[in-house]
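Below is coords25.cif, which holds mmCIF, N, CA and C atoms and all ligand atoms.
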data_final
#
loop_
_atom_site.group_PDB
_atom_site.id
_atom_site.type_symbol
_atom_site.label_atom_id
_atom_site.label_comp_id
_atom_site.auth_asym_id
_atom_site.auth_seq_id
_atom_site.Cartn_x
_atom_site.Cartn_y
_atom_site.Cartn_z
ATOM 1 N N MET A 1 73.691 -206.256 6.800
ATOM 2 C CA MET A 1 74.644 -205.576 7.692
ATOM 3 C C MET A 1 73.937 -205.129 8.974
ATOM 4 N N THR A 2 74.725 -204.752 9.935
ATOM 5 C CA THR A 2 74.159 -204.282 11.206
ATOM 6 C C THR A 2 74.337 -202.774 11.306
ATOM 7 N N LYS A 3 73.241 -202.110 11.578
ATOM 8 C CA LYS A 3 73.278 -200.644 11.695
ATOM 9 C C LYS A 3 72.577 -200.214 12.961
ATOM 10 N N LYS A 4 72.808 -198.967 13.328
ATOM 11 C CA LYS A 4 72.082 -198.416 14.466
ATOM 12 C C LYS A 4 71.009 -197.462 13.951
ATOM 13 N N CYS A 5 69.882 -197.520 14.607
ATOM 14 C CA CYS A 5 68.777 -196.641 14.234
ATOM 15 C C CYS A 5 69.207 -195.188 14.420
ATOM 16 N N ALA A 6 68.968 -194.376 13.427
ATOM 17 C CA ALA A 6 69.390 -192.975 13.475
ATOM 18 C C ALA A 6 68.630 -192.185 14.526
ATOM 19 N N GLN A 7 67.530 -192.741 15.000
ATOM 20 C CA GLN A 7 66.754 -191.986 15.982
ATOM 21 C C GLN A 7 66.977 -192.469 17.411
ATOM 22 N N CYS A 8 66.780 -193.772 17.625
ATOM 23 C CA CYS A 8 66.871 -194.261 19.003
ATOM 24 C C CYS A 8 68.161 -195.028 19.273
ATOM 25 N N GLY A 9 68.954 -195.306 18.228
ATOM 26 C CA GLY A 9 70.234 -195.968 18.424
ATOM 27 C C GLY A 9 70.139 -197.472 18.586
ATOM 28 N N GLU A 10 68.977 -198.022 18.461
ATOM 29 C CA GLU A 10 68.802 -199.458 18.596
ATOM 30 C C GLU A 10 69.491 -200.185 17.443
ATOM 31 N N GLU A 11 70.142 -201.306 17.751
ATOM 32 C CA GLU A 11 70.834 -202.040 16.701
ATOM 33 C C GLU A 11 69.852 -202.782 15.815
ATOM 34 N N MET A 12 70.119 -202.684 14.516
ATOM 35 C CA MET A 12 69.271 -203.402 13.577
ATOM 36 C C MET A 12 70.158 -204.384 12.837
ATOM 37 N N HIS A 13 69.750 -205.646 12.811
ATOM 38 C CA HIS A 13 70.554 -206.678 12.159
ATOM 39 C C HIS A 13 69.972 -207.036 10.798
ATOM 40 N N ASN A 14 70.895 -207.417 9.905
ATOM 41 C CA ASN A 14 70.480 -207.838 8.567
ATOM 42 C C ASN A 14 69.598 -206.805 7.859
ATOM 43 N N VAL A 15 70.061 -205.567 7.877
ATOM 44 C CA VAL A 15 69.275 -204.537 7.202
ATOM 45 C C VAL A 15 70.057 -203.975 6.024
ATOM 46 N N TYR A 16 69.344 -203.352 5.143
ATOM 47 C CA TYR A 16 69.988 -202.721 3.991
ATOM 48 C C TYR A 16 70.788 -201.519 4.462
ATOM 49 N N PRO A 17 71.885 -201.226 3.771
ATOM 50 C CA PRO A 17 72.697 -200.060 4.166
ATOM 51 C C PRO A 17 71.891 -198.760 4.160
ATOM 52 N N SER A 18 70.872 -198.718 3.319
ATOM 53 C CA SER A 18 70.106 -197.481 3.206
ATOM 54 C C SER A 18 69.069 -197.328 4.319
ATOM 55 N N LYS A 19 68.880 -198.403 5.085
ATOM 56 C CA LYS A 19 67.879 -198.340 6.158
ATOM 57 C C LYS A 19 68.398 -197.472 7.296
ATOM 58 N N ARG A 20 67.598 -196.547 7.774
ATOM 59 C CA ARG A 20 68.066 -195.618 8.797
ATOM 60 C C ARG A 20 67.361 -195.780 10.124
ATOM 61 N N TYR A 21 66.161 -196.268 10.098
ATOM 62 C CA TYR A 21 65.400 -196.317 11.349
ATOM 63 C C TYR A 21 64.880 -197.725 11.629
ATOM 64 N N CYS A 22 64.803 -198.046 12.900
ATOM 65 C CA CYS A 22 64.244 -199.320 13.282
ATOM 66 C C CYS A 22 62.727 -199.283 13.022
ATOM 67 N N PRO A 23 62.085 -200.444 12.961
ATOM 68 C CA PRO A 23 60.653 -200.465 12.624
ATOM 69 C C PRO A 23 59.825 -199.562 13.525
ATOM 70 N N ARG A 24 60.181 -199.508 14.820
ATOM 71 C CA ARG A 24 59.398 -198.687 15.742
ATOM 72 C C ARG A 24 59.501 -197.212 15.367
ATOM 73 N N CYS A 25 60.730 -196.782 15.072
ATOM 74 C CA CYS A 25 60.922 -195.373 14.720
ATOM 75 C C CYS A 25 60.320 -195.058 13.346
ATOM 76 N N MET A 26 60.395 -196.029 12.462
ATOM 77 C CA MET A 26 59.780 -195.860 11.141
ATOM 78 C C MET A 26 58.303 -195.554 11.306
ATOM 79 N N LYS A 27 57.686 -196.317 12.208
ATOM 80 C CA LYS A 27 56.260 -196.155 12.438
ATOM 81 C C LYS A 27 55.976 -194.780 13.025
ATOM 82 N N GLU A 28 56.817 -194.388 13.989
ATOM 83 C CA GLU A 28 56.656 -193.078 14.606
ATOM 84 C C GLU A 28 56.765 -191.973 13.579
ATOM 85 N N ARG A 29 57.772 -192.133 12.731
ATOM 86 C CA ARG A 29 57.992 -191.100 11.714
ATOM 87 C C ARG A 29 56.820 -191.036 10.747
ATOM 88 N N ALA A 30 56.312 -192.195 10.379
ATOM 89 C CA ALA A 30 55.179 -192.229 9.462
ATOM 90 C C ALA A 30 53.981 -191.521 10.088
ATOM 91 N N ASN A 31 53.804 -191.770 11.396
ATOM 92 C CA ASN A 31 52.720 -191.099 12.109
ATOM 93 C C ASN A 31 52.906 -189.596 12.101
ATOM 94 N N GLU A 32 54.157 -189.171 12.363
ATOM 95 C CA GLU A 32 54.440 -187.745 12.399
ATOM 96 C C GLU A 32 54.186 -187.101 11.052
ATOM 97 N N ILE A 33 54.609 -187.794 10.008
ATOM 98 C CA ILE A 33 54.434 -187.236 8.672
ATOM 99 C C ILE A 33 52.952 -187.095 8.347
ATOM 100 N N SER A 34 52.172 -188.132 8.699
ATOM 101 C CA SER A 34 50.760 -188.031 8.375
ATOM 102 C C SER A 34 50.077 -186.985 9.247
ATOM 103 N N ARG A 35 50.571 -186.825 10.492
ATOM 104 C CA ARG A 35 49.981 -185.795 11.346
ATOM 105 C C ARG A 35 50.322 -184.412 10.797
ATOM 106 N N ALA A 36 51.577 -184.247 10.356
ATOM 107 C CA ALA A 36 51.995 -182.970 9.793
ATOM 108 C C ALA A 36 51.175 -182.664 8.543
ATOM 109 N N TYR A 37 50.938 -183.688 7.770
ATOM 110 C CA TYR A 37 50.147 -183.512 6.560
ATOM 111 C C TYR A 37 48.741 -183.076 6.940
ATOM 112 N N TYR A 38 48.198 -183.721 7.967
ATOM 113 C CA TYR A 38 46.852 -183.393 8.408
ATOM 114 C C TYR A 38 46.800 -181.956 8.908
ATOM 115 N N GLU A 39 47.818 -181.576 9.734
ATOM 116 C CA GLU A 39 47.855 -180.219 10.275
ATOM 117 C C GLU A 39 47.922 -179.188 9.148
ATOM 118 N N LYS A 40 48.675 -179.512 8.142
ATOM 119 C CA LYS A 40 48.876 -178.587 7.038
ATOM 120 C C LYS A 40 47.601 -178.421 6.227
ATOM 121 N N HIS A 41 46.838 -179.487 6.153
ATOM 122 C CA HIS A 41 45.690 -179.467 5.247
ATOM 123 C C HIS A 41 44.341 -179.373 5.937
ATOM 124 N N LYS A 42 44.359 -179.380 7.273
ATOM 125 C CA LYS A 42 43.045 -179.435 7.941
ATOM 126 C C LYS A 42 42.213 -178.181 7.696
ATOM 127 N N ASN A 43 42.904 -177.065 7.382
ATOM 128 C CA ASN A 43 42.149 -175.833 7.134
ATOM 129 C C ASN A 43 41.829 -175.624 5.654
ATOM 130 N N ASP A 44 42.226 -176.576 4.870
ATOM 131 C CA ASP A 44 41.905 -176.469 3.443
ATOM 132 C C ASP A 44 40.400 -176.476 3.257
ATOM 133 N N LYS A 45 40.002 -175.728 2.276
ATOM 134 C CA LYS A 45 38.574 -175.756 1.970
ATOM 135 C C LYS A 45 38.227 -177.118 1.391
ATOM 136 N N PRO A 46 37.111 -177.639 1.799
ATOM 137 C CA PRO A 46 36.709 -178.914 1.195
ATOM 138 C C PRO A 46 36.409 -178.712 -0.281
ATOM 139 N N LYS A 47 36.690 -179.751 -1.016
ATOM 140 C CA LYS A 47 36.443 -179.660 -2.454
ATOM 141 C C LYS A 47 34.955 -179.458 -2.714
ATOM 142 N N PRO A 48 34.647 -178.602 -3.652
ATOM 143 C CA PRO A 48 33.222 -178.413 -3.941
ATOM 144 C C PRO A 48 32.603 -179.723 -4.403
ATOM 145 N N GLU A 49 31.471 -179.976 -3.849
ATOM 146 C CA GLU A 49 30.828 -181.237 -4.189
ATOM 147 C C GLU A 49 30.314 -181.187 -5.626
ATOM 148 N N ARG A 50 30.472 -182.274 -6.288
ATOM 149 C CA ARG A 50 29.993 -182.295 -7.675
ATOM 150 C C ARG A 50 28.478 -182.218 -7.680
ATOM 151 N N PRO A 51 27.968 -181.437 -8.594
ATOM 152 C CA PRO A 51 26.512 -181.372 -8.634
ATOM 153 C C PRO A 51 25.914 -182.747 -8.856
ATOM 154 N N LYS A 52 24.845 -182.971 -8.163
ATOM 155 C CA LYS A 52 24.230 -184.289 -8.240
ATOM 156 C C LYS A 52 23.286 -184.391 -9.427
ATOM 157 N N ARG A 53 23.105 -183.258 -10.081
ATOM 158 C CA ARG A 53 22.191 -183.268 -11.211
ATOM 159 C C ARG A 53 22.974 -183.090 -12.504
ATOM 160 N N ARG A 54 22.460 -183.614 -13.533
ATOM 161 C CA ARG A 54 23.132 -183.504 -14.807
ATOM 162 C C ARG A 54 22.097 -183.316 -15.897
ATOM 163 N N LYS A 55 22.488 -182.519 -16.869
ATOM 164 C CA LYS A 55 21.546 -182.286 -17.959
ATOM 165 C C LYS A 55 21.803 -183.281 -19.078
ATOM 166 N N ILE A 56 20.764 -183.862 -19.545
ATOM 167 C CA ILE A 56 20.895 -184.744 -20.693
ATOM 168 C C ILE A 56 19.867 -184.333 -21.742
ATOM 169 N N TYR A 57 20.119 -184.764 -22.935
ATOM 170 C CA TYR A 57 19.153 -184.521 -23.987
ATOM 171 C C TYR A 57 18.358 -185.788 -24.213
ATOM 172 N N LYS A 58 17.088 -185.618 -24.108
ATOM 173 C CA LYS A 58 16.223 -186.778 -24.235
ATOM 174 C C LYS A 58 15.381 -186.605 -25.487
ATOM 175 N N LYS A 59 15.282 -187.679 -26.200
ATOM 176 C CA LYS A 59 14.477 -187.631 -27.422
ATOM 177 C C LYS A 59 13.005 -187.727 -27.073
ATOM 178 N N LYS A 60 12.252 -186.859 -27.684
ATOM 179 C CA LYS A 60 10.808 -186.929 -27.458
ATOM 180 C C LYS A 60 10.232 -188.101 -28.250
ATOM 181 N N SER A 61 9.077 -188.514 -27.835
ATOM 182 C CA SER A 61 8.445 -189.627 -28.551
ATOM 183 C C SER A 61 8.016 -189.170 -29.939
ATOM 184 N N LEU A 62 7.927 -190.115 -30.819
ATOM 185 C CA LEU A 62 7.615 -189.790 -32.215
ATOM 186 C C LEU A 62 6.260 -189.111 -32.334
ATOM 187 N N SER A 63 5.294 -189.613 -31.591
ATOM 188 C CA SER A 63 3.962 -189.019 -31.709
ATOM 189 C C SER A 63 3.960 -187.585 -31.179
ATOM 190 N N ARG A 64 4.765 -187.354 -30.167
ATOM 191 C CA ARG A 64 4.835 -185.993 -29.618
ATOM 192 C C ARG A 64 5.510 -185.061 -30.618
ATOM 193 N N CYS A 65 6.563 -185.591 -31.272
ATOM 194 C CA CYS A 65 7.264 -184.801 -32.285
ATOM 195 C C CYS A 65 6.309 -184.437 -33.408
ATOM 196 N N ALA A 66 5.558 -185.438 -33.852
ATOM 197 C CA ALA A 66 4.648 -185.224 -34.966
ATOM 198 C C ALA A 66 3.607 -184.173 -34.590
ATOM 199 N N LEU A 67 3.098 -184.280 -33.398
ATOM 200 C CA LEU A 67 2.084 -183.336 -32.932
ATOM 201 C C LEU A 67 2.660 -181.926 -32.832
ATOM 202 N N GLU A 68 3.849 -181.822 -32.232
ATOM 203 C CA GLU A 68 4.451 -180.499 -32.051
ATOM 204 C C GLU A 68 4.825 -179.873 -33.388
ATOM 205 N N ALA A 69 5.322 -180.719 -34.299
ATOM 206 C CA ALA A 69 5.656 -180.211 -35.627
ATOM 207 C C ALA A 69 4.394 -179.668 -36.296
ATOM 208 N N TYR A 70 3.320 -180.411 -36.132
ATOM 209 C CA TYR A 70 2.034 -179.994 -36.709
ATOM 210 C C TYR A 70 1.582 -178.671 -36.097
ATOM 211 N N MET A 71 1.727 -178.562 -34.758
ATOM 212 C CA MET A 71 1.315 -177.343 -34.049
ATOM 213 C C MET A 71 2.151 -176.149 -34.485
ATOM 214 N N LEU A 72 3.422 -176.407 -34.766
ATOM 215 C CA LEU A 72 4.312 -175.318 -35.175
ATOM 216 C C LEU A 72 4.219 -175.058 -36.669
ATOM 217 N N ASN A 73 3.352 -175.849 -37.285
ATOM 218 C CA ASN A 73 3.137 -175.685 -38.720
ATOM 219 C C ASN A 73 4.421 -175.879 -39.519
ATOM 220 N N MET A 74 5.213 -176.859 -39.126
ATOM 221 C CA MET A 74 6.417 -177.179 -39.903
ATOM 222 C C MET A 74 6.469 -178.671 -40.177
ATOM 223 N N SER A 75 7.274 -179.038 -41.170
ATOM 224 C CA SER A 75 7.380 -180.452 -41.501
ATOM 225 C C SER A 75 8.164 -181.165 -40.401
ATOM 226 N N TYR A 76 7.955 -182.451 -40.332
ATOM 227 C CA TYR A 76 8.679 -183.230 -39.324
ATOM 228 C C TYR A 76 10.187 -183.114 -39.551
ATOM 229 N N GLY A 77 10.592 -183.121 -40.818
ATOM 230 C CA GLY A 77 12.013 -183.014 -41.168
ATOM 231 C C GLY A 77 12.609 -181.720 -40.653
ATOM 232 N N ASN A 78 11.888 -180.641 -40.820
ATOM 233 C CA ASN A 78 12.319 -179.336 -40.349
ATOM 234 C C ASN A 78 12.416 -179.312 -38.831
ATOM 235 N N TYR A 79 11.415 -179.904 -38.250
ATOM 236 C CA TYR A 79 11.309 -179.964 -36.793
ATOM 237 C C TYR A 79 12.536 -180.664 -36.196
ATOM 238 N N VAL A 80 12.885 -181.798 -36.788
ATOM 239 C CA VAL A 80 14.056 -182.559 -36.321
ATOM 240 C C VAL A 80 15.341 -181.794 -36.613
ATOM 241 N N ALA A 81 15.397 -181.185 -37.811
ATOM 242 C CA ALA A 81 16.607 -180.462 -38.221
ATOM 243 C C ALA A 81 16.924 -179.343 -37.236
ATOM 244 N N GLN A 82 15.910 -178.793 -36.616
ATOM 245 C CA GLN A 82 16.116 -177.707 -35.659
ATOM 246 C C GLN A 82 16.357 -178.229 -34.246
ATOM 247 N N GLY A 83 16.410 -179.533 -34.139
ATOM 248 C CA GLY A 83 16.707 -180.132 -32.838
ATOM 249 C C GLY A 83 15.541 -180.076 -31.873
ATOM 250 N N LEU A 84 14.365 -179.815 -32.389
ATOM 251 C CA LEU A 84 13.205 -179.691 -31.510
ATOM 252 C C LEU A 84 12.686 -181.043 -31.038
ATOM 253 N N ASP A 85 13.224 -182.103 -31.623
ATOM 254 C CA ASP A 85 12.777 -183.434 -31.201
ATOM 255 C C ASP A 85 13.467 -183.881 -29.917
ATOM 256 N N LYS A 86 14.409 -183.043 -29.446
ATOM 257 C CA LYS A 86 15.084 -183.387 -28.195
ATOM 258 C C LYS A 86 14.769 -182.326 -27.159
ATOM 259 N N GLU A 87 14.743 -182.750 -25.934
ATOM 260 C CA GLU A 87 14.532 -181.786 -24.862
ATOM 261 C C GLU A 87 15.591 -181.977 -23.795
ATOM 262 N N GLU A 88 15.925 -180.863 -23.148
ATOM 263 C CA GLU A 88 16.911 -180.899 -22.082
ATOM 264 C C GLU A 88 16.228 -181.354 -20.809
ATOM 265 N N VAL A 89 16.786 -182.347 -20.186
ATOM 266 C CA VAL A 89 16.181 -182.843 -18.959
ATOM 267 C C VAL A 89 17.235 -182.866 -17.851
ATOM 268 N N ASP A 90 16.818 -182.416 -16.693
ATOM 269 C CA ASP A 90 17.682 -182.517 -15.513
ATOM 270 C C ASP A 90 17.480 -183.874 -14.906
ATOM 271 N N ILE A 91 18.554 -184.631 -14.805
ATOM 272 C CA ILE A 91 18.377 -185.917 -14.143
ATOM 273 C C ILE A 91 19.155 -185.919 -12.836
ATOM 274 N N GLU A 92 18.665 -186.626 -11.900
ATOM 275 C CA GLU A 92 19.327 -186.761 -10.611
ATOM 276 C C GLU A 92 20.277 -187.958 -10.694
ATOM 277 N N LEU A 93 21.499 -187.732 -10.251
ATOM 278 C CA LEU A 93 22.468 -188.823 -10.335
ATOM 279 C C LEU A 93 22.416 -189.692 -9.095
HETATM 280 ZN ZN ZN B 101 64.677 -196.546 16.399
#
Mind turning the file's structure into structure tokens?
Ligand SMILES: [Zn+2]
Amino acid sequence: MTKKCAQCGEEMHNVYPSKRYCPRCMKERANEISRAYYEKHKNDKPKPERPKRRKIYKKKSLSRCALEAYMLNMSYGNYVAQGLDKEEVDIEL
């Protein structure tokens, strides 16, 4: 069908009945909407940056575990059961 643009009145041919604006006005409106969005949000606080470091648990080497268990005067089984065979490490992402 043929309609007139709701903004500038330009005739539009072969358009859907629901179409209201000619391509030029559509573009203008899209620009306005994005500008309004920008204006509304430009003072928003930036999102906090995710920490670049992360803690992981790293398993100690077997010989180190054995040595530390010996130093602590406990069995290797006890040592592992208490989670002493792992250490917290900060890794950089
Ligand atoms: Zn128009």
Next on the checklist: Set the distance at 8 Å and use only N, CA and C atoms: which residues neighbour range 42-55 of chain A once local chain neighbours fewer than 4 positions away are removed? I'd like the list as a ChimeraX atom specification.
Outcome noted: /A:36-38,87-93
Using N, CA and C atoms, can you write the selected residues to a file as a PDB file, in the frame of the given file?
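File result29.pdb, as written:
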ATOM      1  N   ALA A  36      51.577-184.247  10.356  1.00  0.00           N
ATOM      2  CA  ALA A  36      51.995-182.970   9.793  1.00  0.00           C
ATOM      3  C   ALA A  36      51.175-182.664   8.543  1.00  0.00           C
ATOM      4  N   TYR A  37      50.938-183.688   7.770  1.00  0.00           N
ATOM      5  CA  TYR A  37      50.147-183.512   6.560  1.00  0.00           C
ATOM      6  C   TYR A  37      48.741-183.076   6.940  1.00  0.00           C
ATOM      7  N   TYR A  38      48.198-183.721   7.967  1.00  0.00           N
ATOM      8  CA  TYR A  38      46.852-183.393   8.408  1.00  0.00           C
ATOM      9  C   TYR A  38      46.800-181.956   8.908  1.00  0.00           C
ATOM     10  N   GLU A  87      14.743-182.750 -25.934  1.00  0.00           N
ATOM     11  CA  GLU A  87      14.532-181.786 -24.862  1.00  0.00           C
ATOM     12  C   GLU A  87      15.591-181.977 -23.795  1.00  0.00           C
ATOM     13  N   GLU A  88      15.925-180.863 -23.148  1.00  0.00           N
ATOM     14  CA  GLU A  88      16.911-180.899 -22.082  1.00  0.00           C
ATOM     15  C   GLU A  88      16.228-181.354 -20.809  1.00  0.00           C
ATOM     16  N   VAL A  89      16.786-182.347 -20.186  1.00  0.00           N
ATOM     17  CA  VAL A  89      16.181-182.843 -18.959  1.00  0.00           C
ATOM     18  C   VAL A  89      17.235-182.866 -17.851  1.00  0.00           C
ATOM     19  N   ASP A  90      16.818-182.416 -16.693  1.00  0.00           N
ATOM     20  CA  ASP A  90      17.682-182.517 -15.513  1.00  0.00           C
ATOM     21  C   ASP A  90      17.480-183.874 -14.906  1.00  0.00           C
ATOM     22  N   ILE A  91      18.554-184.631 -14.805  1.00  0.00           N
ATOM     23  CA  ILE A  91      18.377-185.917 -14.143  1.00  0.00           C
ATOM     24  C   ILE A  91      19.155-185.919 -12.836  1.00  0.00           C
ATOM     25  N   GLU A  92      18.665-186.626 -11.900  1.00  0.00           N
ATOM     26  CA  GLU A  92      19.327-186.761 -10.611  1.00  0.00           C
ATOM     27  C   GLU A  92      20.277-187.958 -10.694  1.00  0.00           C
ATOM     28  N   LEU A  93      21.499-187.732 -10.251  1.00  0.00           N
ATOM     29  CA  LEU A  93      22.468-188.823 -10.335  1.00  0.00           C
ATOM     30  C   LEU A  93      22.416-189.692  -9.095  1.00  0.00           C
TER      31      LEU A  93
END
Which residues of chain A come within 12 Å of ligand ZN 101 (chain B), and for each one, what is the closest pair of atoms and their distance in Å to one decimal, counting only C-alpha atoms and all ligand atoms, sorted by chain and residue number, as a Markdown table?
| residue | atom | partner | partner_atom | distance |
| --- | --- | --- | --- | --- |
| A:Lys3 | CA | B:ZN101 | ZN | 10.6 |
| A:Lys4 | CA | B:ZN101 | ZN | 7.9 |
| A:Cys5 | CA | B:ZN101 | ZN | 4.6 |
| A:Ala6 | CA | B:ZN101 | ZN | 6.6 |
| A:Gln7 | CA | B:ZN101 | ZN | 5.0 |
| A:Cys8 | CA | B:ZN101 | ZN | 4.1 |
| A:Gly9 | CA | B:ZN101 | ZN | 5.9 |
| A:Glu10 | CA | B:ZN101 | ZN | 5.5 |
| A:Glu11 | CA | B:ZN101 | ZN | 8.3 |
| A:Met12 | CA | B:ZN101 | ZN | 8.7 |
| A:Lys19 | CA | B:ZN101 | ZN | 10.9 |
| A:Arg20 | CA | B:ZN101 | ZN | 8.4 |
| A:Tyr21 | CA | B:ZN101 | ZN | 5.1 |
| A:Cys22 | CA | B:ZN101 | ZN | 4.2 |
| A:Pro23 | CA | B:ZN101 | ZN | 6.8 |
| A:Arg24 | CA | B:ZN101 | ZN | 5.7 |
| A:Cys25 | CA | B:ZN101 | ZN | 4.3 |
| A:Met26 | CA | B:ZN101 | ZN | 7.2 |
| A:Lys27 | CA | B:ZN101 | ZN | 9.3 |
| A:Glu28 | CA | B:ZN101 | ZN | 8.9 |
| A:Arg29 | CA | B:ZN101 | ZN | 9.8 |
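Distance-wise, atom N of His13 in chain A and atom C of Met1 in chain A end up 5.7 Å apart.
Relative to CA of Asp85 in chain A, atom N of Leu67 in chain A is found at 10.0 Å.
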Checklist entry - How far is it from CA of Tyr70 in chain A to CA of Lys58 in chain A, in Å with one decimal? => result 20.1 Å
Next on the checklist: Give me, as a VMD selection string, all polymer residues having an atom no more than 8 Å from Leu84 in chain A, counting all atoms listed in the file and skipping those fewer than 3 positions away in the same chain.
Outcome noted: chain A and resid 59 to 60 65 78 to 81 87
Item to check | In chain A, DSSP strand (DSSP E) residues written as number ranges by chain | outcome: A: 3-4, 11-12, 53-59, 86-92
Selected residues written out with N, CA and C atoms, as a PDB file, keeping the file's coordinate frame:
ATOM      1  N   LYS A   3      73.241-202.110  11.578  1.00  0.00           N
ATOM      2  CA  LYS A   3      73.278-200.644  11.695  1.00  0.00           C
ATOM      3  C   LYS A   3      72.577-200.214  12.961  1.00  0.00           C
ATOM      4  N   LYS A   4      72.808-198.967  13.328  1.00  0.00           N
ATOM      5  CA  LYS A   4      72.082-198.416  14.466  1.00  0.00           C
ATOM      6  C   LYS A   4      71.009-197.462  13.951  1.00  0.00           C
ATOM      7  N   GLU A  11      70.142-201.306  17.751  1.00  0.00           N
ATOM      8  CA  GLU A  11      70.834-202.040  16.701  1.00  0.00           C
ATOM      9  C   GLU A  11      69.852-202.782  15.815  1.00  0.00           C
ATOM     10  N   MET A  12      70.119-202.684  14.516  1.00  0.00           N
ATOM     11  CA  MET A  12      69.271-203.402  13.577  1.00  0.00           C
ATOM     12  C   MET A  12      70.158-204.384  12.837  1.00  0.00           C
ATOM     13  N   ARG A  53      23.105-183.258 -10.081  1.00  0.00           N
ATOM     14  CA  ARG A  53      22.191-183.268 -11.211  1.00  0.00           C
ATOM     15  C   ARG A  53      22.974-183.090 -12.504  1.00  0.00           C
ATOM     16  N   ARG A  54      22.460-183.614 -13.533  1.00  0.00           N
ATOM     17  CA  ARG A  54      23.132-183.504 -14.807  1.00  0.00           C
ATOM     18  C   ARG A  54      22.097-183.316 -15.897  1.00  0.00           C
ATOM     19  N   LYS A  55      22.488-182.519 -16.869  1.00  0.00           N
ATOM     20  CA  LYS A  55      21.546-182.286 -17.959  1.00  0.00           C
ATOM     21  C   LYS A  55      21.803-183.281 -19.078  1.00  0.00           C
ATOM     22  N   ILE A  56      20.764-183.862 -19.545  1.00  0.00           N
ATOM     23  CA  ILE A  56      20.895-184.744 -20.693  1.00  0.00           C
ATOM     24  C   ILE A  56      19.867-184.333 -21.742  1.00  0.00           C
ATOM     25  N   TYR A  57      20.119-184.764 -22.935  1.00  0.00           N
ATOM     26  CA  TYR A  57      19.153-184.521 -23.987  1.00  0.00           C
ATOM     27  C   TYR A  57      18.358-185.788 -24.213  1.00  0.00           C
ATOM     28  N   LYS A  58      17.088-185.618 -24.108  1.00  0.00           N
ATOM     29  CA  LYS A  58      16.223-186.778 -24.235  1.00  0.00           C
ATOM     30  C   LYS A  58      15.381-186.605 -25.487  1.00  0.00           C
ATOM     31  N   LYS A  59      15.282-187.679 -26.200  1.00  0.00           N
ATOM     32  CA  LYS A  59      14.477-187.631 -27.422  1.00  0.00           C
ATOM     33  C   LYS A  59      13.005-187.727 -27.073  1.00  0.00           C
ATOM     34  N   LYS A  86      14.409-183.043 -29.446  1.00  0.00           N
ATOM     35  CA  LYS A  86      15.084-183.387 -28.195  1.00  0.00           C
ATOM     36  C   LYS A  86      14.769-182.326 -27.159  1.00  0.00           C
ATOM     37  N   GLU A  87      14.743-182.750 -25.934  1.00  0.00           N
ATOM     38  CA  GLU A  87      14.532-181.786 -24.862  1.00  0.00           C
ATOM     39  C   GLU A  87      15.591-181.977 -23.795  1.00  0.00           C
ATOM     40  N   GLU A  88      15.925-180.863 -23.148  1.00  0.00           N
ATOM     41  CA  GLU A  88      16.911-180.899 -22.082  1.00  0.00           C
ATOM     42  C   GLU A  88      16.228-181.354 -20.809  1.00  0.00           C
ATOM     43  N   VAL A  89      16.786-182.347 -20.186  1.00  0.00           N
ATOM     44  CA  VAL A  89      16.181-182.843 -18.959  1.00  0.00           C
ATOM     45  C   VAL A  89      17.235-182.866 -17.851  1.00  0.00           C
ATOM     46  N   ASP A  90      16.818-182.416 -16.693  1.00  0.00           N
ATOM     47  CA  ASP A  90      17.682-182.517 -15.513  1.00  0.00           C
ATOM     48  C   ASP A  90      17.480-183.874 -14.906  1.00  0.00           C
ATOM     49  N   ILE A  91      18.554-184.631 -14.805  1.00  0.00           N
ATOM     50  CA  ILE A  91      18.377-185.917 -14.143  1.00  0.00           C
ATOM     51  C   ILE A  91      19.155-185.919 -12.836  1.00  0.00           C
ATOM     52  N   GLU A  92      18.665-186.626 -11.900  1.00  0.00           N
ATOM     53  CA  GLU A  92      19.327-186.761 -10.611  1.00  0.00           C
ATOM     54  C   GLU A  92      20.277-187.958 -10.694  1.00  0.00           C
TER      55      GLU A  92
END
Specify the axis-aligned box that encloses all atoms of range 77-85 of chain A listed in the file after padding of 5 Å on each side, stating its centre and edge lengths in Å to one decimal as JSON.
{"center_x": 13.8, "center_y": -180.8, "center_z": -35.5, "size_x": 16.3, "size_y": 16.2, "size_z": 21.3}
